[in-house]
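Q: Here it is, the structure in full.
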Amino acid sequence: MLLRFKVKNFLSFYEETVFDMFPNIKRVNFSHHIYTEMNVPLLKQAVIYGANGSGKSNFIKAIDFLCSFVIYEDFIKKIDLDDYFFQLAKEKLQNISFEIEFFHKDEYYIYNADISKKEIREKLSKSNLGKTEDSLIFERRGTDITAPSTQNKTTVKQLLSRSSDSSLLSLNHRFPVLSSKGANHIYDWFSKKIEVISIGSAIPALINVMSQKPEMLSFANKVFENIGIGIKAVGISDTPFEKWIAKSKNATELQDIIDENSSASNGNISQIKNNRNVLNIAVQKGTKTVQEFLFDQLGQSGYHRQMKITAQSDGTVRLLFLIPALYAAIHQGKTVFIDEIDNSIHPNLMFELLRFYANTKSTGQLIFTTHTTKFLNQQELLRPDEIWFTEKLDGNTRMYSLNDFKLHNTLNIENGYLDGRYGGAPVMDEIIPEI
């Protein structure tokens, strides 16, 4: 789980900015929103508000950037690093800095990454929460390495020399040179316990994911049952490939997709249209089948029939797309970041979905951005320490918590935010029309 994240000189974050998931223990409302079974109590969710262009999405991108750096060896080589530096200052800083503190495998860790064109610096420590000095796992500066757990320092230097732009964590995953289990735990946390969902992202193999995890599909149906949009259930059909081809008008198009993906290692091939996973081709028990989502949809006078995903609204598809993320935060212990969680979804519907998450016993965290002020309800949905704002001044994004303000527990936070009491809202001049 995430404790704290620091970022500096990344996109609109020029000065060091700190975000954390620490609750204010003096606030007693919604105590079930706090994980208390660890040494450090942590919040299970946080929401980020801000005007358009204030840096909300850049915060999500910062997390995504750090994850990609840790997981993928060639990540820095495949991007133009200049595009990610803060651009609105005469004296430009030449390095991007991150620090992230988190809890994983019953241990607390702190990881620092300082990334520039000149060299990569990294430091990984096991945190002792200030009680004693942190235990160093490794510290790297360019090709120089300090690590009590190094199996062979010469080998590590050679490895870093050949891949100087890569994180030692990603290199160690493929070429184990650190004997510390902590290094492997860190890589696993970044690769398996963080999920980042941007506005335009999709899950190409969503049908396959849900068909492999019937409990996730059951979770989806539990959600759809309770939100009142006329869908009784969501299922997945399995049609033998030859039978599906014989009745399909898109056989040629499907064959082209199969030919393009003939080298797919897992045998599964997905078709995406309008950001929707329309179908999936899989081999089940030796038989090639075509899988499709089917929505059991209510009509007039109790009539209902099964409809394909192509007949569903963007909001319904977006909701289905969010199901694995919510499932991951509730059941799989993941820290999930979602940019504009309410995109294409009605505020009332999203409100109930977030309340469902908050009131469900979970094992992970949900961190999201939004413009929907309806969520700013400290009596029904959010604690003040779960609410963050971004505000931009001279191009630099400042990030701060509503917890910094003195608030009575009966105060209407939504009205205060819209009145500009806490900042983080757009300030506009009157638009005078030309006549």
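As shown in the structure tokens, the chain order sets the letters A, B, ...; within each chain, residues go from 1, and ligands are also counted from 1 in the order they appear.
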For A:Leu3, list every protein, DNA or RNA residue within 6 Å, evaluated using only C-alpha atoms, and leave out those in the same chain fewer than 5 positions away; present the list as number ranges by chain.
A: A: 20-21, 101-102
Q: Those same residues - all heavy atoms - I'd like them written as a PDB file, in the first residue's frame.
A:
ATOM      1  N   ASP A  20       0.252  12.096   0.294  1.00  0.00           N
ATOM      2  CA  ASP A  20       0.318  10.963   1.226  1.00  0.00           C
ATOM      3  C   ASP A  20      -1.061  10.403   1.511  1.00  0.00           C
ATOM      4  O   ASP A  20      -2.084  11.033   1.215  1.00  0.00           O
ATOM      5  CB  ASP A  20       1.017  11.369   2.537  1.00  0.00           C
ATOM      6  CG  ASP A  20       0.213  12.344   3.378  1.00  0.00           C
ATOM      7  OD1 ASP A  20      -0.859  11.963   3.892  1.00  0.00           O
ATOM      8  OD2 ASP A  20       0.638  13.512   3.528  1.00  0.00           O
ATOM      9  N   MET A  21      -1.073   9.215   2.085  1.00  0.00           N
ATOM     10  CA  MET A  21      -2.312   8.509   2.415  1.00  0.00           C
ATOM     11  C   MET A  21      -2.465   8.346   3.928  1.00  0.00           C
ATOM     12  O   MET A  21      -3.083   7.392   4.405  1.00  0.00           O
ATOM     13  CB  MET A  21      -2.326   7.139   1.730  1.00  0.00           C
ATOM     14  CG  MET A  21      -2.389   7.193   0.216  1.00  0.00           C
ATOM     15  SD  MET A  21      -3.941   7.870  -0.424  1.00  0.00           S
ATOM     16  CE  MET A  21      -5.069   6.503  -0.086  1.00  0.00           C
ATOM     17  N   GLU A 101       7.171   5.788  -0.837  1.00  0.00           N
ATOM     18  CA  GLU A 101       7.234   4.983   0.387  1.00  0.00           C
ATOM     19  C   GLU A 101       5.984   4.114   0.432  1.00  0.00           C
ATOM     20  O   GLU A 101       4.874   4.605   0.204  1.00  0.00           O
ATOM     21  CB  GLU A 101       7.287   5.906   1.603  1.00  0.00           C
ATOM     22  CG  GLU A 101       7.532   5.204   2.923  1.00  0.00           C
ATOM     23  CD  GLU A 101       7.712   6.186   4.081  1.00  0.00           C
ATOM     24  OE1 GLU A 101       7.607   7.410   3.852  1.00  0.00           O
ATOM     25  OE2 GLU A 101       7.942   5.713   5.210  1.00  0.00           O
ATOM     26  N   PHE A 102       6.166   2.830   0.712  1.00  0.00           N
ATOM     27  CA  PHE A 102       5.014   1.922   0.648  1.00  0.00           C
ATOM     28  C   PHE A 102       5.217   0.720   1.548  1.00  0.00           C
ATOM     29  O   PHE A 102       6.312   0.466   2.071  1.00  0.00           O
ATOM     30  CB  PHE A 102       4.764   1.468  -0.793  1.00  0.00           C
ATOM     31  CG  PHE A 102       5.956   0.837  -1.463  1.00  0.00           C
ATOM     32  CD1 PHE A 102       6.126  -0.533  -1.468  1.00  0.00           C
ATOM     33  CD2 PHE A 102       6.914   1.619  -2.080  1.00  0.00           C
ATOM     34  CE1 PHE A 102       7.222  -1.115  -2.076  1.00  0.00           C
ATOM     35  CE2 PHE A 102       8.019   1.056  -2.693  1.00  0.00           C
ATOM     36  CZ  PHE A 102       8.168  -0.320  -2.691  1.00  0.00           C
TER      37      PHE A 102
END
Q: I'd like the contact shell of A:Asp82 - 12 Å cut-off, only C-alpha atoms, skipping same-chain residues fewer than 2 positions apart - returned as a PDB file with all heavy atoms, in the first residue's frame.
A:
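part-v1.pdb was written with the following content:
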ATOM      1  N   ASN A   9      10.175  18.323 -10.681  1.00  0.00           N
ATOM      2  CA  ASN A   9      10.621  18.602 -12.052  1.00  0.00           C
ATOM      3  C   ASN A   9      10.073  17.600 -13.061  1.00  0.00           C
ATOM      4  O   ASN A   9      10.743  17.234 -14.018  1.00  0.00           O
ATOM      5  CB  ASN A   9      12.157  18.638 -12.139  1.00  0.00           C
ATOM      6  CG  ASN A   9      12.632  19.306 -13.427  1.00  0.00           C
ATOM      7  OD1 ASN A   9      12.062  20.296 -13.865  1.00  0.00           O
ATOM      8  ND2 ASN A   9      13.658  18.751 -14.039  1.00  0.00           N
ATOM      9  N   PHE A  10       8.835  17.201 -12.855  1.00  0.00           N
ATOM     10  CA  PHE A  10       8.166  16.304 -13.797  1.00  0.00           C
ATOM     11  C   PHE A  10       6.926  17.018 -14.342  1.00  0.00           C
ATOM     12  O   PHE A  10       6.026  17.383 -13.571  1.00  0.00           O
ATOM     13  CB  PHE A  10       7.768  15.002 -13.118  1.00  0.00           C
ATOM     14  CG  PHE A  10       7.045  14.036 -14.034  1.00  0.00           C
ATOM     15  CD1 PHE A  10       7.760  13.180 -14.853  1.00  0.00           C
ATOM     16  CD2 PHE A  10       5.660  14.011 -14.086  1.00  0.00           C
ATOM     17  CE1 PHE A  10       7.103  12.305 -15.713  1.00  0.00           C
ATOM     18  CE2 PHE A  10       4.993  13.130 -14.934  1.00  0.00           C
ATOM     19  CZ  PHE A  10       5.721  12.288 -15.751  1.00  0.00           C
ATOM     20  N   LEU A  11       6.894  17.258 -15.654  1.00  0.00           N
ATOM     21  CA  LEU A  11       5.798  17.971 -16.301  1.00  0.00           C
ATOM     22  C   LEU A  11       5.505  19.275 -15.551  1.00  0.00           C
ATOM     23  O   LEU A  11       6.366  20.138 -15.501  1.00  0.00           O
ATOM     24  CB  LEU A  11       4.582  17.051 -16.425  1.00  0.00           C
ATOM     25  CG  LEU A  11       4.788  15.829 -17.342  1.00  0.00           C
ATOM     26  CD1 LEU A  11       3.543  14.943 -17.354  1.00  0.00           C
ATOM     27  CD2 LEU A  11       5.153  16.242 -18.755  1.00  0.00           C
ATOM     28  N   ILE A  76      13.452   4.310 -20.704  1.00  0.00           N
ATOM     29  CA  ILE A  76      14.087   5.617 -20.915  1.00  0.00           C
ATOM     30  C   ILE A  76      14.620   5.746 -22.339  1.00  0.00           C
ATOM     31  O   ILE A  76      14.563   6.824 -22.945  1.00  0.00           O
ATOM     32  CB  ILE A  76      15.218   5.845 -19.887  1.00  0.00           C
ATOM     33  CG1 ILE A  76      14.654   5.869 -18.463  1.00  0.00           C
ATOM     34  CG2 ILE A  76      15.952   7.155 -20.173  1.00  0.00           C
ATOM     35  CD1 ILE A  76      13.672   6.982 -18.190  1.00  0.00           C
ATOM     36  N   ILE A  79      11.834   6.914 -24.941  1.00  0.00           N
ATOM     37  CA  ILE A  79      11.131   8.187 -24.805  1.00  0.00           C
ATOM     38  C   ILE A  79      12.128   9.331 -24.987  1.00  0.00           C
ATOM     39  O   ILE A  79      13.338   9.129 -24.960  1.00  0.00           O
ATOM     40  CB  ILE A  79      10.454   8.323 -23.419  1.00  0.00           C
ATOM     41  CG1 ILE A  79      11.510   8.343 -22.308  1.00  0.00           C
ATOM     42  CG2 ILE A  79       9.432   7.218 -23.197  1.00  0.00           C
ATOM     43  CD1 ILE A  79      10.955   8.687 -20.942  1.00  0.00           C
ATOM     44  N   ASP A  80      11.613  10.529 -25.190  1.00  0.00           N
ATOM     45  CA  ASP A  80      12.429  11.734 -25.190  1.00  0.00           C
ATOM     46  C   ASP A  80      12.298  12.355 -23.808  1.00  0.00           C
ATOM     47  O   ASP A  80      11.265  12.940 -23.478  1.00  0.00           O
ATOM     48  CB  ASP A  80      11.955  12.711 -26.266  1.00  0.00           C
ATOM     49  CG  ASP A  80      12.888  13.906 -26.415  1.00  0.00           C
ATOM     50  OD1 ASP A  80      13.720  14.120 -25.504  1.00  0.00           O
ATOM     51  OD2 ASP A  80      12.789  14.618 -27.427  1.00  0.00           O
ATOM     52  N   TYR A  84       9.523  15.468 -20.570  1.00  0.00           N
ATOM     53  CA  TYR A  84       8.971  15.282 -19.230  1.00  0.00           C
ATOM     54  C   TYR A  84       9.532  16.265 -18.207  1.00  0.00           C
ATOM     55  O   TYR A  84       9.035  16.331 -17.084  1.00  0.00           O
ATOM     56  CB  TYR A  84       9.221  13.844 -18.764  1.00  0.00           C
ATOM     57  CG  TYR A  84       8.467  12.838 -19.605  1.00  0.00           C
ATOM     58  CD1 TYR A  84       9.038  12.282 -20.748  1.00  0.00           C
ATOM     59  CD2 TYR A  84       7.165  12.465 -19.264  1.00  0.00           C
ATOM     60  CE1 TYR A  84       8.340  11.369 -21.533  1.00  0.00           C
ATOM     61  CE2 TYR A  84       6.464  11.556 -20.040  1.00  0.00           C
ATOM     62  CZ  TYR A  84       7.059  11.018 -21.174  1.00  0.00           C
ATOM     63  OH  TYR A  84       6.353  10.126 -21.946  1.00  0.00           O
ATOM     64  N   PHE A  85      10.564  17.036 -18.567  1.00  0.00           N
ATOM     65  CA  PHE A  85      11.074  18.059 -17.671  1.00  0.00           C
ATOM     66  C   PHE A  85      10.116  19.254 -17.626  1.00  0.00           C
ATOM     67  O   PHE A  85       9.426  19.554 -18.605  1.00  0.00           O
ATOM     68  CB  PHE A  85      12.455  18.566 -18.136  1.00  0.00           C
ATOM     69  CG  PHE A  85      13.540  17.534 -18.063  1.00  0.00           C
ATOM     70  CD1 PHE A  85      14.465  17.415 -19.095  1.00  0.00           C
ATOM     71  CD2 PHE A  85      13.653  16.685 -16.977  1.00  0.00           C
ATOM     72  CE1 PHE A  85      15.478  16.474 -19.049  1.00  0.00           C
ATOM     73  CE2 PHE A  85      14.668  15.734 -16.921  1.00  0.00           C
ATOM     74  CZ  PHE A  85      15.576  15.631 -17.945  1.00  0.00           C
ATOM     75  N   PHE A  86      10.104  19.967 -16.503  1.00  0.00           N
ATOM     76  CA  PHE A  86       9.344  21.209 -16.404  1.00  0.00           C
ATOM     77  C   PHE A  86       9.920  22.216 -17.403  1.00  0.00           C
ATOM     78  O   PHE A  86      11.128  22.443 -17.450  1.00  0.00           O
ATOM     79  CB  PHE A  86       9.436  21.761 -14.976  1.00  0.00           C
ATOM     80  CG  PHE A  86       8.617  22.997 -14.742  1.00  0.00           C
ATOM     81  CD1 PHE A  86       7.263  22.898 -14.462  1.00  0.00           C
ATOM     82  CD2 PHE A  86       9.197  24.269 -14.811  1.00  0.00           C
ATOM     83  CE1 PHE A  86       6.498  24.038 -14.233  1.00  0.00           C
ATOM     84  CE2 PHE A  86       8.443  25.406 -14.592  1.00  0.00           C
ATOM     85  CZ  PHE A  86       7.094  25.296 -14.306  1.00  0.00           C
ATOM     86  N   GLN A  87       9.057  22.822 -18.212  1.00  0.00           N
ATOM     87  CA  GLN A  87       9.517  23.645 -19.329  1.00  0.00           C
ATOM     88  C   GLN A  87       9.401  25.151 -19.086  1.00  0.00           C
ATOM     89  O   GLN A  87       9.972  25.938 -19.857  1.00  0.00           O
ATOM     90  CB  GLN A  87       8.698  23.301 -20.593  1.00  0.00           C
ATOM     91  CG  GLN A  87       8.723  21.840 -20.987  1.00  0.00           C
ATOM     92  CD  GLN A  87      10.086  21.402 -21.505  1.00  0.00           C
ATOM     93  OE1 GLN A  87      10.823  22.181 -22.088  1.00  0.00           O
ATOM     94  NE2 GLN A  87      10.418  20.137 -21.265  1.00  0.00           N
ATOM     95  N   LYS A  92      16.444  25.624 -16.334  1.00  0.00           N
ATOM     96  CA  LYS A  92      15.767  24.321 -16.303  1.00  0.00           C
ATOM     97  C   LYS A  92      16.581  23.323 -15.488  1.00  0.00           C
ATOM     98  O   LYS A  92      17.793  23.201 -15.660  1.00  0.00           O
ATOM     99  CB  LYS A  92      15.553  23.798 -17.724  1.00  0.00           C
ATOM    100  CG  LYS A  92      14.561  24.627 -18.538  1.00  0.00           C
ATOM    101  CD  LYS A  92      14.351  24.028 -19.912  1.00  0.00           C
ATOM    102  CE  LYS A  92      13.258  24.763 -20.674  1.00  0.00           C
ATOM    103  NZ  LYS A  92      13.559  26.179 -20.865  1.00  0.00           N
ATOM    104  N   LEU A  93      15.885  22.617 -14.597  1.00  0.00           N
ATOM    105  CA  LEU A  93      16.522  21.515 -13.877  1.00  0.00           C
ATOM    106  C   LEU A  93      16.737  20.359 -14.845  1.00  0.00           C
ATOM    107  O   LEU A  93      15.929  20.132 -15.747  1.00  0.00           O
ATOM    108  CB  LEU A  93      15.645  21.070 -12.707  1.00  0.00           C
ATOM    109  CG  LEU A  93      15.332  22.140 -11.645  1.00  0.00           C
ATOM    110  CD1 LEU A  93      14.376  21.587 -10.606  1.00  0.00           C
ATOM    111  CD2 LEU A  93      16.610  22.627 -10.982  1.00  0.00           C
ATOM    112  N   GLN A  94      17.810  19.617 -14.650  1.00  0.00           N
ATOM    113  CA  GLN A  94      18.182  18.574 -15.599  1.00  0.00           C
ATOM    114  C   GLN A  94      17.854  17.171 -15.105  1.00  0.00           C
ATOM    115  O   GLN A  94      18.279  16.191 -15.717  1.00  0.00           O
ATOM    116  CB  GLN A  94      19.678  18.676 -15.920  1.00  0.00           C
ATOM    117  CG  GLN A  94      20.087  20.009 -16.541  1.00  0.00           C
ATOM    118  CD  GLN A  94      19.356  20.298 -17.838  1.00  0.00           C
ATOM    119  OE1 GLN A  94      19.252  19.441 -18.711  1.00  0.00           O
ATOM    120  NE2 GLN A  94      18.819  21.512 -17.970  1.00  0.00           N
ATOM    121  N   ASN A  95      17.115  17.084 -14.009  1.00  0.00           N
ATOM    122  CA  ASN A  95      16.798  15.756 -13.485  1.00  0.00           C
ATOM    123  C   ASN A  95      15.380  15.715 -12.941  1.00  0.00           C
ATOM    124  O   ASN A  95      14.865  16.703 -12.414  1.00  0.00           O
ATOM    125  CB  ASN A  95      17.774  15.346 -12.382  1.00  0.00           C
ATOM    126  CG  ASN A  95      17.779  16.332 -11.228  1.00  0.00           C
ATOM    127  OD1 ASN A  95      18.026  17.526 -11.412  1.00  0.00           O
ATOM    128  ND2 ASN A  95      17.500  15.838 -10.039  1.00  0.00           N
ATOM    129  N   ILE A  96      14.737  14.569 -13.109  1.00  0.00           N
ATOM    130  CA  ILE A  96      13.422  14.301 -12.539  1.00  0.00           C
ATOM    131  C   ILE A  96      13.628  13.476 -11.275  1.00  0.00           C
ATOM    132  O   ILE A  96      14.383  12.491 -11.286  1.00  0.00           O
ATOM    133  CB  ILE A  96      12.543  13.516 -13.532  1.00  0.00           C
ATOM    134  CG1 ILE A  96      12.272  14.358 -14.781  1.00  0.00           C
ATOM    135  CG2 ILE A  96      11.237  13.094 -12.885  1.00  0.00           C
ATOM    136  CD1 ILE A  96      11.617  13.577 -15.905  1.00  0.00           C
ATOM    137  N   ILE A 115      16.453  10.839 -12.182  1.00  0.00           N
ATOM    138  CA  ILE A 115      16.651  10.463 -13.585  1.00  0.00           C
ATOM    139  C   ILE A 115      17.062  11.680 -14.400  1.00  0.00           C
ATOM    140  O   ILE A 115      16.365  12.704 -14.417  1.00  0.00           O
ATOM    141  CB  ILE A 115      15.349   9.861 -14.161  1.00  0.00           C
ATOM    142  CG1 ILE A 115      14.921   8.649 -13.322  1.00  0.00           C
ATOM    143  CG2 ILE A 115      15.519   9.472 -15.619  1.00  0.00           C
ATOM    144  CD1 ILE A 115      13.506   8.179 -13.604  1.00  0.00           C
ATOM    145  N   SER A 116      18.198  11.584 -15.073  1.00  0.00           N
ATOM    146  CA  SER A 116      18.657  12.649 -15.964  1.00  0.00           C
ATOM    147  C   SER A 116      19.321  12.014 -17.175  1.00  0.00           C
ATOM    148  O   SER A 116      19.548  10.800 -17.225  1.00  0.00           O
ATOM    149  CB  SER A 116      19.642  13.572 -15.246  1.00  0.00           C
ATOM    150  OG  SER A 116      20.877  12.912 -15.011  1.00  0.00           O
ATOM    151  N   LYS A 117      19.648  12.843 -18.161  1.00  0.00           N
ATOM    152  CA  LYS A 117      20.331  12.331 -19.351  1.00  0.00           C
ATOM    153  C   LYS A 117      21.760  11.923 -19.023  1.00  0.00           C
ATOM    154  O   LYS A 117      22.353  11.075 -19.707  1.00  0.00           O
ATOM    155  CB  LYS A 117      20.324  13.386 -20.452  1.00  0.00           C
ATOM    156  CG  LYS A 117      18.966  13.603 -21.091  1.00  0.00           C
ATOM    157  CD  LYS A 117      19.069  14.555 -22.261  1.00  0.00           C
ATOM    158  CE  LYS A 117      17.766  14.617 -23.024  1.00  0.00           C
ATOM    159  NZ  LYS A 117      17.852  15.514 -24.198  1.00  0.00           N
TER     160      LYS A 117
END
Q: Quick one: pull the distance between atom CA of A:Asp238 and atom CA of A:Ser218, Å, one decimal.
A: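 Atom-to-atom, atom CA of A:Asp238 to atom CA of A:Ser218, that is 17.1 Å.
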Q: Smallest atom-to-atom distance to A:Ile34: which of A:His408, A:Leu402, A:Met210, A:Glu386, using only C-alpha atoms?
A: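 Of A:His408, A:Leu402, A:Met210, A:Glu386, the one nearest A:Ile34, counting only C-alpha atoms, is A:Glu386.
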Q: May I have the residues within 9 Å of A:Gly333 as a list in words, using only C-alpha atoms and disregarding those fewer than 5 positions away in the same chain?
A: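 So, after excluding close chain neighbours, the residues are Met1, Lys193, Ala328, Ser362, Thr363, Gly364 and Gln365 of chain A.
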Q: Show me a table, sorted first by chain and then by increasing residue number, of the residues of stretch 145-183 of chain A having an atom at most 12 Å from stretch 107-111 of chain A, each with its shortest atom pair and the distance in Å to one decimal, counting only C-alpha atoms and written as a Markdown table.
A:
| residue | atom | partner | partner_atom | distance |
| --- | --- | --- | --- | --- |
| A:Ser167 | CA | A:Tyr111 | CA | 11.4 |
| A:Leu168 | CA | A:Tyr111 | CA | 11.7 |
| A:Leu169 | CA | A:Tyr111 | CA | 10.4 |
| A:Lys181 | CA | A:Glu107 | CA | 11.1 |
| A:Gly182 | CA | A:Tyr109 | CA | 8.3 |
| A:Ala183 | CA | A:Tyr109 | CA | 9.9 |
Q: When you look at A:Ala425 with a cut-off of 12 Å (counting only C-alpha atoms), what residues show up, excluding the ones that are within fewer than 3 positions of it in the same chain? I need them as a list in words.
A: Ile48, Tyr49, Gly50, Ala51, Asn52, Gly53, Ser54, Lys56, Thr370, His371, Thr372, Thr373, Trp388, Phe389, Thr390, Glu391, Lys392, Glu414, Asn415, Gly416, Tyr417, Leu418, Asp419, Gly420, Arg421, Tyr422 and Met428 of chain A
Q: Which residues come within 8 Å of A:Val70, counting only C-alpha atoms, excluding same-chain residues fewer than 3 positions away, as a compact mmCIF listing (two decimals) with N, CA, C and O atoms, in the first residue's frame?
A:
# COMPACT_ATOMS: atom_id res chain seq x y z
N LEU A 66 7.06 6.43 -13.21
CA LEU A 66 7.94 5.73 -12.27
C LEU A 66 7.75 4.22 -12.37
O LEU A 66 8.74 3.46 -12.35
N CYS A 67 6.51 3.76 -12.49
CA CYS A 67 6.26 2.33 -12.65
C CYS A 67 6.93 1.79 -13.91
O CYS A 67 7.56 0.73 -13.89
N GLU A 73 13.09 -2.32 -18.83
CA GLU A 73 14.50 -1.98 -18.98
C GLU A 73 14.74 -0.88 -19.99
O GLU A 73 15.60 0.00 -19.80
N SER A 166 18.75 2.07 -17.47
CA SER A 166 17.74 1.18 -16.87
C SER A 166 17.77 1.24 -15.36
O SER A 166 18.82 1.52 -14.75
N SER A 167 16.65 0.95 -14.75
CA SER A 167 16.59 0.81 -13.30
C SER A 167 17.27 -0.50 -12.90
O SER A 167 17.11 -1.53 -13.57
N LEU A 168 18.01 -0.45 -11.80
CA LEU A 168 18.64 -1.68 -11.31
C LEU A 168 17.57 -2.70 -10.90
O LEU A 168 17.80 -3.91 -10.97
N LEU A 169 16.40 -2.23 -10.52
CA LEU A 169 15.32 -3.14 -10.14
C LEU A 169 14.85 -3.96 -11.34
O LEU A 169 14.60 -5.17 -11.20
N SER A 170 14.73 -3.33 -12.50
CA SER A 170 14.31 -4.08 -13.69
C SER A 170 15.43 -5.02 -14.15
O SER A 170 15.17 -6.14 -14.57
N TYR A 187 10.13 -4.79 -6.95
CA TYR A 187 9.76 -4.98 -8.35
C TYR A 187 8.35 -5.57 -8.44
O TYR A 187 7.53 -5.14 -9.26
N PHE A 190 5.66 -2.85 -7.79
CA PHE A 190 5.45 -1.97 -8.93
C PHE A 190 4.75 -2.69 -10.09
O PHE A 190 3.90 -2.11 -10.77
Q: Neighbouring residues of A:Thr17 were defined as those with any atom within 7 Å, considering only C-alpha atoms; residues of the same chain fewer than 2 positions away were excluded. Please report them as number ranges by chain.
A: A: 6-8, 13, 15, 19, 398-399
Q: By how many Å are atom CA of A:Gln158 and atom CA of A:Thr143 apart?
A: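 Between atom CA of A:Gln158 and atom CA of A:Thr143 the gap is 7.9 Å.
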Q: Between A:Leu326, A:Gly299, A:Glu195, A:Asn29, which residue has the minimum interatomic distance to A:Glu380, considering only C-alpha atoms?
A: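 Ranking A:Leu326, A:Gly299, A:Glu195, A:Asn29 by distance to A:Glu380, first place goes to A:Asn29.
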Q: Taking the chain letters and numbering used in this document, name the residues of stretch 256-317 of chain A that DSSP puts in alpha helix (DSSP H), as a CSV table (one decimal) with all heavy atoms, in the first residue's frame.
A:
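The new file out31.csv reads:
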chain,number,residue,atom,x,y,z
A,256,ASP,N,-8.5,-11.5,-40.8
A,256,ASP,CA,-7.4,-10.5,-40.9
A,256,ASP,C,-6.8,-10.3,-39.5
A,256,ASP,O,-5.5,-10.3,-39.4
A,256,ASP,CB,-7.8,-9.2,-41.5
A,256,ASP,CG,-8.2,-9.3,-43.0
A,256,ASP,OD1,-7.7,-10.2,-43.6
A,256,ASP,OD2,-8.9,-8.4,-43.5
A,257,ILE,N,-7.6,-10.2,-38.5
A,257,ILE,CA,-7.1,-10.0,-37.1
A,257,ILE,C,-6.3,-11.3,-36.7
A,257,ILE,O,-5.3,-11.2,-36.1
A,257,ILE,CB,-8.3,-9.8,-36.2
A,257,ILE,CG1,-9.0,-8.4,-36.5
A,257,ILE,CG2,-7.9,-9.8,-34.7
A,257,ILE,CD1,-10.3,-8.2,-35.8
A,258,ILE,N,-6.8,-12.4,-37.0
A,258,ILE,CA,-6.2,-13.7,-36.7
A,258,ILE,C,-4.8,-13.7,-37.3
A,258,ILE,O,-3.8,-14.1,-36.7
A,258,ILE,CB,-7.0,-14.9,-37.1
A,258,ILE,CG1,-8.3,-14.9,-36.2
A,258,ILE,CG2,-6.2,-16.2,-36.9
A,258,ILE,CD1,-9.3,-16.0,-36.7
A,259,ASP,N,-4.7,-13.4,-38.6
A,259,ASP,CA,-3.5,-13.4,-39.3
A,259,ASP,C,-2.5,-12.4,-38.8
A,259,ASP,O,-1.3,-12.7,-38.6
A,259,ASP,CB,-3.7,-13.1,-40.8
A,259,ASP,CG,-4.5,-14.1,-41.5
A,259,ASP,OD1,-4.6,-15.3,-41.0
A,259,ASP,OD2,-5.1,-13.8,-42.6
A,260,GLU,N,-2.9,-11.2,-38.3
A,260,GLU,CA,-2.1,-10.2,-37.8
A,260,GLU,C,-1.5,-10.6,-36.4
A,260,GLU,O,-0.4,-10.2,-36.0
A,260,GLU,CB,-2.8,-8.9,-37.6
A,260,GLU,CG,-3.1,-8.2,-38.9
A,260,GLU,CD,-4.1,-7.0,-38.7
A,260,GLU,OE1,-4.3,-6.7,-37.6
A,260,GLU,OE2,-4.5,-6.4,-39.7
A,314,ASP,N,-21.5,4.5,-23.9
A,314,ASP,CA,-20.2,4.7,-23.5
A,314,ASP,C,-20.0,4.6,-22.0
A,314,ASP,O,-19.1,4.1,-21.4
A,314,ASP,CB,-19.7,6.1,-23.9
A,314,ASP,CG,-19.4,6.1,-25.4
A,314,ASP,OD1,-19.3,5.1,-26.1
A,314,ASP,OD2,-19.4,7.3,-26.0
A,315,GLY,N,-21.1,5.1,-21.3
A,315,GLY,CA,-21.1,5.0,-19.8
A,315,GLY,C,-21.1,3.6,-19.3
A,315,GLY,O,-20.4,3.3,-18.3
A,316,THR,N,-21.9,2.8,-19.9
A,316,THR,CA,-22.0,1.3,-19.5
A,316,THR,C,-20.6,0.7,-19.7
A,316,THR,O,-20.1,-0.1,-18.9
A,316,THR,CB,-23.1,0.6,-20.2
A,316,THR,OG1,-24.3,1.3,-19.9
A,316,THR,CG2,-23.2,-0.8,-19.8
A,317,VAL,N,-20.0,0.9,-20.9
A,317,VAL,CA,-18.8,0.3,-21.2
A,317,VAL,C,-17.7,0.8,-20.3
A,317,VAL,O,-16.8,0.0,-19.8
A,317,VAL,CB,-18.4,0.7,-22.7
A,317,VAL,CG1,-17.0,0.2,-23.0
A,317,VAL,CG2,-19.4,0.0,-23.7
Q: Looking at A:Ile330, A:Gln291, A:Gly424, A:Ile432, which one is nearest to A:Thr397, with distances taken over only C-alpha atoms?
A: A:Gly424
Q: Tell me, in Å to one decimal, how far atom CA of A:Lys61 is from atom CA of A:Ile199.
A: 11.1 Å
Q: Compare A:Ala147, A:Ala233, A:Ala282, A:Ala311 by their minimum atom-to-atom distance to A:Ser179, counting only C-alpha atoms, and give me the closest one.
A: A:Ala147
Q: Which is closest to A:Lys406 among A:Tyr72, A:Leu354, A:Asp385, A:Lys153, if we use only C-alpha atoms?
A: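 The closest residue to A:Lys406 is A:Asp385.
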Q: Between A:Ile227, A:Ile186, A:Ile367, A:Leu411, single out the one closest to A:Pro384, counting only C-alpha atoms.
A: A:Leu411
Q: I'd like the neighbourhood of A:Lys243 as a list in words, where a residue qualifies if any of its atoms comes within 12 Å (using only C-alpha atoms), though same-chain residues fewer than 4 positions away should be ignored.
A: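 Near neighbours after the sequence-gap exclusion: Asp238, Thr239, Lys247, Ser248, Ala251, Thr287, Lys288, Thr289 and Val290 of chain A.
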